Amino acid sequence: MDQPWLTITLVMATGALALGIAILRTALPQRRALGRLGVRGVRTRGEVARGARREGPNVHPPQVRYQAPPVDRPDAPPTQTYRRTPLNHESHPLHAGIPVVLRYDPADPRRVVVVHTKDGRPGKVSYSATANLTWGIFFVLFGMGMGVATFL
């Protein structure tokens, strides 16, 4: 083999492309889950009040706690505390006590979606559907660019 760098570069390009596709396959459905709110929403912080639990044959989804304006007064300050199940609860690993960033519908603050979570334990990475989507696109383009540059 006269040019081992060619083989190594193609293997690395294939690996980067495969990693990017794998990241995109998980990030796109999670990003689409944010669209369930239907509006851009108002960003706020909260925490997971109760994780998912099973009681006999019933599975109860997790609940988040956050502050927003009262339902009938959207222009009031966010003093009402809500405890609701997010519309996209299946897209996130929600365990009790984890801080979350949420978006709620200003017309009905009871409708909420989780934007991303932040686990305070060491070694745990923050979740963000937008960041994962960006990394997936980067790796796909990087892998394709390496593959094309190898043959030039």
# chains A, B, ... in the order shown; residues from 1 in each chain; ligands from 1

$ residues_around --residues "region 37-45 of chain A" --least-positions-apart "2" --cutoff "10 Å" --atoms "only C-alpha atoms" --output "ChimeraX atom specification"
/A:33-35,47,64-68,78,86-88,99-109,111-115,117

$ atom_distance --atom1 "CA of Arg31 (chain A)" --atom2 "CA of Phe138 (chain A)"
16.3 Å

$ residues_around --residues "Ala149 (chain A)" --least-positions-apart "4" --cutoff "12 Å" --atoms "only C-alpha atoms" --output "PyMOL selection string"
chain A and resi 6+9-10+13+141-145

$ write_last_selection --atoms "C-alpha atoms" --output "short mmCIF file (atom, residue, chain, number, x, y, z; two decimals), in the first residue's frame"
data_model
loop_
_atom_site.label_atom_id
_atom_site.label_comp_id
_atom_site.auth_asym_id
_atom_site.auth_seq_id
_atom_site.Cartn_x
_atom_site.Cartn_y
_atom_site.Cartn_z
CA LEU A 6 -5.75 7.58 2.06
CA THR A 9 -8.65 9.29 6.03
CA LEU A 10 -11.49 7.41 4.32
CA ALA A 13 -14.50 10.18 7.10
CA LEU A 141 -20.51 17.79 6.81
CA PHE A 142 -17.07 17.06 8.29
CA GLY A 143 -17.22 13.42 7.17
CA MET A 144 -18.36 14.37 3.68
CA GLY A 145 -15.69 17.07 3.45
#

$ residues_around --residues "region 133-136 of chain A" --least-positions-apart "3" --cutoff "12 Å" --atoms "only C-alpha atoms" --output "VMD selection string"
chain A and resid 16 to 32 127 to 130 139 to 143

$ write_last_selection --atoms "N, CA and C atoms" --output "PDB file, in the first residue's frame"
ATOM      1  N   ALA A  16     -16.924   9.601  10.893  1.00  0.00           N
ATOM      2  CA  ALA A  16     -17.538  10.893  11.201  1.00  0.00           C
ATOM      3  C   ALA A  16     -18.925  10.999  10.578  1.00  0.00           C
ATOM      4  N   LEU A  17     -19.074  10.518   9.360  1.00  0.00           N
ATOM      5  CA  LEU A  17     -20.378  10.538   8.699  1.00  0.00           C
ATOM      6  C   LEU A  17     -21.382   9.651   9.438  1.00  0.00           C
ATOM      7  N   ALA A  18     -20.953   8.463   9.844  1.00  0.00           N
ATOM      8  CA  ALA A  18     -21.839   7.559  10.582  1.00  0.00           C
ATOM      9  C   ALA A  18     -22.225   8.148  11.938  1.00  0.00           C
ATOM     10  N   LEU A  19     -21.277   8.771  12.624  1.00  0.00           N
ATOM     11  CA  LEU A  19     -21.584   9.403  13.907  1.00  0.00           C
ATOM     12  C   LEU A  19     -22.578  10.541  13.723  1.00  0.00           C
ATOM     13  N   GLY A  20     -22.379  11.359  12.705  1.00  0.00           N
ATOM     14  CA  GLY A  20     -23.305  12.454  12.434  1.00  0.00           C
ATOM     15  C   GLY A  20     -24.705  11.966  12.130  1.00  0.00           C
ATOM     16  N   ILE A  21     -24.817  10.902  11.353  1.00  0.00           N
ATOM     17  CA  ILE A  21     -26.142  10.345  11.038  1.00  0.00           C
ATOM     18  C   ILE A  21     -26.798   9.777  12.284  1.00  0.00           C
ATOM     19  N   ALA A  22     -26.019   9.114  13.135  1.00  0.00           N
ATOM     20  CA  ALA A  22     -26.572   8.563  14.380  1.00  0.00           C
ATOM     21  C   ALA A  22     -27.067   9.675  15.299  1.00  0.00           C
ATOM     22  N   ILE A  23     -26.309  10.749  15.387  1.00  0.00           N
ATOM     23  CA  ILE A  23     -26.736  11.874  16.223  1.00  0.00           C
ATOM     24  C   ILE A  23     -28.002  12.513  15.653  1.00  0.00           C
ATOM     25  N   LEU A  24     -28.051  12.678  14.335  1.00  0.00           N
ATOM     26  CA  LEU A  24     -29.236  13.278  13.712  1.00  0.00           C
ATOM     27  C   LEU A  24     -30.482  12.412  13.880  1.00  0.00           C
ATOM     28  N   ARG A  25     -30.303  11.091  13.848  1.00  0.00           N
ATOM     29  CA  ARG A  25     -31.459  10.196  14.009  1.00  0.00           C
ATOM     30  C   ARG A  25     -32.093  10.325  15.381  1.00  0.00           C
ATOM     31  N   THR A  26     -31.321  10.693  16.397  1.00  0.00           N
ATOM     32  CA  THR A  26     -31.904  10.901  17.725  1.00  0.00           C
ATOM     33  C   THR A  26     -32.308  12.355  17.948  1.00  0.00           C
ATOM     34  N   ALA A  27     -31.583  13.299  17.345  1.00  0.00           N
ATOM     35  CA  ALA A  27     -31.845  14.719  17.599  1.00  0.00           C
ATOM     36  C   ALA A  27     -33.086  15.233  16.869  1.00  0.00           C
ATOM     37  N   LEU A  28     -33.351  14.756  15.662  1.00  0.00           N
ATOM     38  CA  LEU A  28     -34.497  15.275  14.902  1.00  0.00           C
ATOM     39  C   LEU A  28     -35.839  14.994  15.582  1.00  0.00           C
ATOM     40  N   PRO A  29     -36.116  13.771  16.047  1.00  0.00           N
ATOM     41  CA  PRO A  29     -37.387  13.581  16.755  1.00  0.00           C
ATOM     42  C   PRO A  29     -37.480  14.390  18.047  1.00  0.00           C
ATOM     43  N   GLN A  30     -36.361  14.565  18.741  1.00  0.00           N
ATOM     44  CA  GLN A  30     -36.379  15.351  19.966  1.00  0.00           C
ATOM     45  C   GLN A  30     -36.609  16.820  19.656  1.00  0.00           C
ATOM     46  N   ARG A  31     -36.061  17.296  18.557  1.00  0.00           N
ATOM     47  CA  ARG A  31     -36.266  18.686  18.159  1.00  0.00           C
ATOM     48  C   ARG A  31     -37.717  18.905  17.724  1.00  0.00           C
ATOM     49  N   ARG A  32     -38.284  17.931  17.000  1.00  0.00           N
ATOM     50  CA  ARG A  32     -39.682  18.031  16.583  1.00  0.00           C
ATOM     51  C   ARG A  32     -40.621  18.025  17.779  1.00  0.00           C
ATOM     52  N   TYR A 127     -28.608  18.242  28.343  1.00  0.00           N
ATOM     53  CA  TYR A 127     -29.320  17.832  27.149  1.00  0.00           C
ATOM     54  C   TYR A 127     -29.849  19.070  26.428  1.00  0.00           C
ATOM     55  N   SER A 128     -29.649  19.146  25.143  1.00  0.00           N
ATOM     56  CA  SER A 128     -30.229  20.200  24.334  1.00  0.00           C
ATOM     57  C   SER A 128     -30.461  19.645  22.932  1.00  0.00           C
ATOM     58  N   ALA A 129     -31.709  19.647  22.489  1.00  0.00           N
ATOM     59  CA  ALA A 129     -32.022  19.121  21.164  1.00  0.00           C
ATOM     60  C   ALA A 129     -31.364  19.955  20.069  1.00  0.00           C
ATOM     61  N   THR A 130     -31.290  21.262  20.257  1.00  0.00           N
ATOM     62  CA  THR A 130     -30.676  22.125  19.251  1.00  0.00           C
ATOM     63  C   THR A 130     -29.177  21.879  19.159  1.00  0.00           C
ATOM     64  N   PHE A 139     -20.864  16.852  12.114  1.00  0.00           N
ATOM     65  CA  PHE A 139     -20.172  15.605  11.819  1.00  0.00           C
ATOM     66  C   PHE A 139     -20.497  15.073  10.427  1.00  0.00           C
ATOM     67  N   VAL A 140     -21.734  15.250   9.974  1.00  0.00           N
ATOM     68  CA  VAL A 140     -22.074  14.824   8.617  1.00  0.00           C
ATOM     69  C   VAL A 140     -21.276  15.636   7.592  1.00  0.00           C
ATOM     70  N   LEU A 141     -21.252  16.946   7.748  1.00  0.00           N
ATOM     71  CA  LEU A 141     -20.509  17.787   6.809  1.00  0.00           C
ATOM     72  C   LEU A 141     -19.003  17.542   6.898  1.00  0.00           C
ATOM     73  N   PHE A 142     -18.489  17.331   8.115  1.00  0.00           N
ATOM     74  CA  PHE A 142     -17.069  17.056   8.294  1.00  0.00           C
ATOM     75  C   PHE A 142     -16.679  15.744   7.619  1.00  0.00           C
ATOM     76  N   GLY A 143     -17.502  14.707   7.803  1.00  0.00           N
ATOM     77  CA  GLY A 143     -17.225  13.416   7.170  1.00  0.00           C
ATOM     78  C   GLY A 143     -17.271  13.504   5.658  1.00  0.00           C
TER      79      GLY A 143
END

$ atom_distance --atom1 "CA of His95 (chain A)" --atom2 "CA of Gly51 (chain A)"
4.7 Å

$ atom_distance --atom1 "CA of Gln63 (chain A)" --atom2 "CA of Pro77 (chain A)"
22.5 Å

$ select_by_dssp --residues "region 2-152 of chain A" --states "alpha helix (DSSP H)" --output "VMD selection string"
chain A and resid 4 to 33 129 to 151

$ select_by_dssp --residues "chain A" --states "strand (DSSP E)" --output "number ranges by chain"
A: 42-50, 53-55, 58-60, 63-68, 80-84, 99-104, 112-117

$ write_last_selection --atoms "N, CA and C atoms" --output "mmCIF file, in the first residue's frame"
data_model
loop_
_atom_site.group_PDB
_atom_site.id
_atom_site.type_symbol
_atom_site.label_atom_id
_atom_site.label_comp_id
_atom_site.auth_asym_id
_atom_site.auth_seq_id
_atom_site.Cartn_x
_atom_site.Cartn_y
_atom_site.Cartn_z
ATOM 1 N N VAL A 42 -42.828 31.126 26.103
ATOM 2 C CA VAL A 42 -42.021 31.948 26.994
ATOM 3 C C VAL A 42 -41.073 31.015 27.736
ATOM 4 N N ARG A 43 -39.799 31.373 27.740
ATOM 5 C CA ARG A 43 -38.779 30.528 28.355
ATOM 6 C C ARG A 43 -38.721 30.785 29.861
ATOM 7 N N THR A 44 -38.617 29.708 30.639
ATOM 8 C CA THR A 44 -38.509 29.812 32.086
ATOM 9 C C THR A 44 -37.716 28.624 32.617
ATOM 10 N N ARG A 45 -37.370 28.695 33.872
ATOM 11 C CA ARG A 45 -36.650 27.597 34.524
ATOM 12 C C ARG A 45 -37.569 26.926 35.529
ATOM 13 N N GLY A 46 -37.304 25.661 35.751
ATOM 14 C CA GLY A 46 -38.075 24.905 36.723
ATOM 15 C C GLY A 46 -37.288 23.691 37.164
ATOM 16 N N GLU A 47 -37.980 22.758 37.760
ATOM 17 C CA GLU A 47 -37.341 21.514 38.162
ATOM 18 C C GLU A 47 -38.346 20.379 38.056
ATOM 19 N N VAL A 48 -37.827 19.164 37.976
ATOM 20 C CA VAL A 48 -38.695 17.999 37.928
ATOM 21 C C VAL A 48 -39.182 17.737 39.337
ATOM 22 N N ALA A 49 -40.495 17.852 39.536
ATOM 23 C CA ALA A 49 -41.077 17.677 40.864
ATOM 24 C C ALA A 49 -41.239 16.199 41.197
ATOM 25 N N ARG A 50 -41.611 15.409 40.207
ATOM 26 C CA ARG A 50 -41.830 13.985 40.426
ATOM 27 C C ARG A 50 -41.451 13.243 39.160
ATOM 28 N N ARG A 53 -43.435 7.184 37.431
ATOM 29 C CA ARG A 53 -43.587 6.105 38.403
ATOM 30 C C ARG A 53 -44.674 5.148 37.935
ATOM 31 N N ARG A 54 -44.576 3.966 38.432
ATOM 32 C CA ARG A 54 -45.535 2.913 38.080
ATOM 33 C C ARG A 54 -46.294 2.504 39.335
ATOM 34 N N GLU A 55 -47.599 2.483 39.227
ATOM 35 C CA GLU A 55 -48.458 2.012 40.304
ATOM 36 C C GLU A 55 -49.359 0.935 39.721
ATOM 37 N N ASN A 58 -50.696 0.991 35.954
ATOM 38 C CA ASN A 58 -50.671 2.380 35.481
ATOM 39 C C ASN A 58 -49.272 2.965 35.557
ATOM 40 N N VAL A 59 -48.893 3.690 34.518
ATOM 41 C CA VAL A 59 -47.626 4.419 34.494
ATOM 42 C C VAL A 59 -47.959 5.907 34.496
ATOM 43 N N HIS A 60 -47.466 6.612 35.517
ATOM 44 C CA HIS A 60 -47.710 8.045 35.628
ATOM 45 C C HIS A 60 -46.505 8.799 35.069
ATOM 46 N N GLN A 63 -43.619 14.977 36.316
ATOM 47 C CA GLN A 63 -44.188 16.316 36.423
ATOM 48 C C GLN A 63 -43.078 17.320 36.685
ATOM 49 N N VAL A 64 -43.241 18.525 36.134
ATOM 50 C CA VAL A 64 -42.290 19.600 36.360
ATOM 51 C C VAL A 64 -42.977 20.719 37.139
ATOM 52 N N ARG A 65 -42.187 21.447 37.914
ATOM 53 C CA ARG A 65 -42.688 22.572 38.701
ATOM 54 C C ARG A 65 -42.032 23.840 38.168
ATOM 55 N N TYR A 66 -42.842 24.861 37.895
ATOM 56 C CA TYR A 66 -42.329 26.119 37.339
ATOM 57 C C TYR A 66 -43.282 27.242 37.695
ATOM 58 N N GLN A 67 -42.828 28.482 37.530
ATOM 59 C CA GLN A 67 -43.668 29.643 37.806
ATOM 60 C C GLN A 67 -44.002 30.359 36.505
ATOM 61 N N ALA A 68 -45.255 30.773 36.394
ATOM 62 C CA ALA A 68 -45.754 31.488 35.220
ATOM 63 C C ALA A 68 -46.908 32.371 35.676
ATOM 64 N N GLN A 80 -47.596 32.487 39.791
ATOM 65 C CA GLN A 80 -48.346 31.241 39.970
ATOM 66 C C GLN A 80 -47.406 30.048 39.775
ATOM 67 N N THR A 81 -47.401 29.125 40.714
ATOM 68 C CA THR A 81 -46.578 27.924 40.587
ATOM 69 C C THR A 81 -47.429 26.810 39.992
ATOM 70 N N TYR A 82 -46.941 26.215 38.912
ATOM 71 C CA TYR A 82 -47.635 25.128 38.237
ATOM 72 C C TYR A 82 -46.861 23.831 38.437
ATOM 73 N N ARG A 83 -47.587 22.753 38.444
ATOM 74 C CA ARG A 83 -46.988 21.418 38.513
ATOM 75 C C ARG A 83 -47.701 20.584 37.457
ATOM 76 N N ARG A 84 -47.064 20.452 36.307
ATOM 77 C CA ARG A 84 -47.700 19.817 35.149
ATOM 78 C C ARG A 84 -46.800 18.784 34.505
ATOM 79 N N PRO A 99 -32.882 20.149 37.439
ATOM 80 C CA PRO A 99 -33.305 21.442 36.880
ATOM 81 C C PRO A 99 -33.595 21.314 35.380
ATOM 82 N N VAL A 100 -34.614 22.018 34.922
ATOM 83 C CA VAL A 100 -34.990 21.987 33.507
ATOM 84 C C VAL A 100 -35.231 23.404 33.008
ATOM 85 N N VAL A 101 -35.074 23.585 31.711
ATOM 86 C CA VAL A 101 -35.454 24.828 31.039
ATOM 87 C C VAL A 101 -36.708 24.504 30.237
ATOM 88 N N LEU A 102 -37.743 25.315 30.412
ATOM 89 C CA LEU A 102 -39.060 25.047 29.837
ATOM 90 C C LEU A 102 -39.501 26.194 28.949
ATOM 91 N N ARG A 103 -40.495 25.906 28.111
ATOM 92 C CA ARG A 103 -41.237 26.930 27.379
ATOM 93 C C ARG A 103 -42.715 26.665 27.618
ATOM 94 N N TYR A 104 -43.455 27.724 28.012
ATOM 95 C CA TYR A 104 -44.893 27.580 28.209
ATOM 96 C C TYR A 104 -45.641 28.496 27.260
ATOM 97 N N VAL A 112 -46.857 23.139 28.606
ATOM 98 C CA VAL A 112 -45.418 23.353 28.752
ATOM 99 C C VAL A 112 -44.650 22.253 28.025
ATOM 100 N N VAL A 113 -43.475 22.615 27.481
ATOM 101 C CA VAL A 113 -42.551 21.633 26.899
ATOM 102 C C VAL A 113 -41.181 21.842 27.529
ATOM 103 N N VAL A 114 -40.417 20.767 27.621
ATOM 104 C CA VAL A 114 -39.056 20.832 28.149
ATOM 105 C C VAL A 114 -38.111 21.139 26.995
ATOM 106 N N VAL A 115 -37.310 22.202 27.137
ATOM 107 C CA VAL A 115 -36.324 22.549 26.117
ATOM 108 C C VAL A 115 -35.081 21.705 26.324
ATOM 109 N N HIS A 116 -34.545 21.704 27.533
ATOM 110 C CA HIS A 116 -33.423 20.829 27.859
ATOM 111 C C HIS A 116 -33.319 20.644 29.359
ATOM 112 N N THR A 117 -32.567 19.639 29.755
ATOM 113 C CA THR A 117 -32.385 19.322 31.168
ATOM 114 C C THR A 117 -30.938 19.559 31.546
#
